[in-house]
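Structure, as structure tokens:
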Amino acid sequence: MMELAYAPSLPDGLIARLEEAARGVGLPLREIELLGQDRYLARAFVEAVRGGDHDVFLSGVDWDALYERLEGRGLEPPEGPFAGPSPDMAQA
């Protein structure tokens with residue numbers, strides 16, 4: 001797996017659980033990286049995957065705010081079809 005830019009405060013054990021849970025549900029790398037910007041969000045995602053509620057959890061994530069955190073750390077948001085939430089998701 002490529003090196004992802006997580007929040008510096010994210011513990012190694014949580015990174016491993018986040019990556020394992022995300023791979024298990026087919027989450028794209030950029031979204032894994034975005035969830036790793038907040039340790040509480042990462043932990044909640046891991047728990048949602050364990051409980052089978054990851055789809056509901058992901059629909060409530062403020063992806064724009066997470067992109068802003070990455071930009072604030074000097075990283076560029078992606079371009080293309082995965083550049084952000086779909087308009088349908090934003091209205092939900």
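In the structure tokens, the first chain shown is A, the next is B, and so on; residue numbers restart at 1 for each chain, and ligands run from 1 in the order shown.
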All residues 12 Å or closer to Leu4 in chain A, only C-alpha atoms, same chain fewer than 6 positions away omitted, as a ChimeraX atom specification: /A:10,15-16,18-19,28-37,70,75
Spatial neighbours of range 46-49 of chain A, max dist 10 Å, only C-alpha atoms, sep filter under 4 positions, as a PyMOL selection string: chain A and resi 14+17-22+24-25+40-42+53-58
Alpha helix (DSSP H) positions in range 45-77 of chain A, given as a PyMOL selection string: chain A and resi 45-51+54-59+63-72
Write the selection just made, keeping N, CA and C atoms, as a JSON list (two decimals), in the first residue's frame?
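Listed below is the output, out35.json:
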[["chain", "number", "residue", "atom", "x", "y", "z"],
["A", 45, "PHE", "N", -15.11, 5.00, 12.36],
["A", 45, "PHE", "CA", -15.25, 4.24, 11.11],
["A", 45, "PHE", "C", -14.95, 2.77, 11.34],
["A", 46, "VAL", "N", -13.88, 2.47, 12.04],
["A", 46, "VAL", "CA", -13.52, 1.08, 12.33],
["A", 46, "VAL", "C", -14.67, 0.39, 13.06],
["A", 47, "GLU", "N", -15.25, 1.07, 14.04],
["A", 47, "GLU", "CA", -16.38, 0.51, 14.79],
["A", 47, "GLU", "C", -17.61, 0.33, 13.89],
["A", 48, "ALA", "N", -17.84, 1.27, 12.98],
["A", 48, "ALA", "CA", -18.98, 1.16, 12.05],
["A", 48, "ALA", "C", -18.81, -0.04, 11.13],
["A", 49, "VAL", "N", -17.59, -0.28, 10.68],
["A", 49, "VAL", "CA", -17.34, -1.45, 9.83],
["A", 49, "VAL", "C", -17.61, -2.72, 10.62],
["A", 50, "ARG", "N", -17.14, -2.77, 11.85],
["A", 50, "ARG", "CA", -17.38, -3.95, 12.70],
["A", 50, "ARG", "C", -18.88, -4.18, 12.90],
["A", 51, "GLY", "N", -19.63, -3.10, 13.03],
["A", 51, "GLY", "CA", -21.07, -3.21, 13.25],
["A", 51, "GLY", "C", -21.89, -3.34, 11.98],
["A", 54, "HIS", "N", -21.12, 0.77, 8.01],
["A", 54, "HIS", "CA", -20.17, 1.69, 7.38],
["A", 54, "HIS", "C", -20.79, 2.55, 6.29],
["A", 55, "ASP", "N", -21.80, 2.04, 5.57],
["A", 55, "ASP", "CA", -22.43, 2.85, 4.52],
["A", 55, "ASP", "C", -23.13, 4.07, 5.12],
["A", 56, "VAL", "N", -23.86, 3.85, 6.20],
["A", 56, "VAL", "CA", -24.54, 4.96, 6.88],
["A", 56, "VAL", "C", -23.52, 5.93, 7.44],
["A", 57, "PHE", "N", -22.47, 5.41, 8.04],
["A", 57, "PHE", "CA", -21.41, 6.25, 8.59],
["A", 57, "PHE", "C", -20.78, 7.12, 7.51],
["A", 58, "LEU", "N", -20.40, 6.50, 6.39],
["A", 58, "LEU", "CA", -19.72, 7.24, 5.32],
["A", 58, "LEU", "C", -20.62, 8.30, 4.69],
["A", 59, "SER", "N", -21.93, 8.07, 4.67],
["A", 59, "SER", "CA", -22.83, 9.07, 4.08],
["A", 59, "SER", "C", -22.91, 10.33, 4.93],
["A", 63, "TRP", "N", -16.79, 15.33, 3.88],
["A", 63, "TRP", "CA", -15.57, 15.14, 3.09],
["A", 63, "TRP", "C", -14.89, 16.47, 2.79],
["A", 64, "ASP", "N", -15.66, 17.54, 2.58],
["A", 64, "ASP", "CA", -15.07, 18.86, 2.29],
["A", 64, "ASP", "C", -14.19, 19.33, 3.45],
["A", 65, "ALA", "N", -14.65, 19.14, 4.67],
["A", 65, "ALA", "CA", -13.87, 19.55, 5.83],
["A", 65, "ALA", "C", -12.57, 18.74, 5.92],
["A", 66, "LEU", "N", -12.64, 17.47, 5.59],
["A", 66, "LEU", "CA", -11.43, 16.64, 5.62],
["A", 66, "LEU", "C", -10.46, 17.05, 4.52],
["A", 67, "TYR", "N", -10.97, 17.41, 3.33],
["A", 67, "TYR", "CA", -10.10, 17.92, 2.27],
["A", 67, "TYR", "C", -9.40, 19.19, 2.73],
["A", 68, "GLU", "N", -10.12, 20.05, 3.44],
["A", 68, "GLU", "CA", -9.52, 21.29, 3.94],
["A", 68, "GLU", "C", -8.38, 21.00, 4.91],
["A", 69, "ARG", "N", -8.53, 19.97, 5.72],
["A", 69, "ARG", "CA", -7.44, 19.60, 6.63],
["A", 69, "ARG", "C", -6.20, 19.18, 5.84],
["A", 70, "LEU", "N", -6.42, 18.40, 4.78],
["A", 70, "LEU", "CA", -5.28, 17.99, 3.95],
["A", 70, "LEU", "C", -4.64, 19.20, 3.29],
["A", 71, "GLU", "N", -5.45, 20.11, 2.77],
["A", 71, "GLU", "CA", -4.91, 21.31, 2.13],
["A", 71, "GLU", "C", -4.11, 22.13, 3.13],
["A", 72, "GLY", "N", -4.59, 22.20, 4.35],
["A", 72, "GLY", "CA", -3.90, 22.95, 5.40],
["A", 72, "GLY", "C", -2.55, 22.35, 5.74]]
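What separates CA of Ala44 in chain A from CA of Asp12 in chain A is a distance of 15.9 Å.
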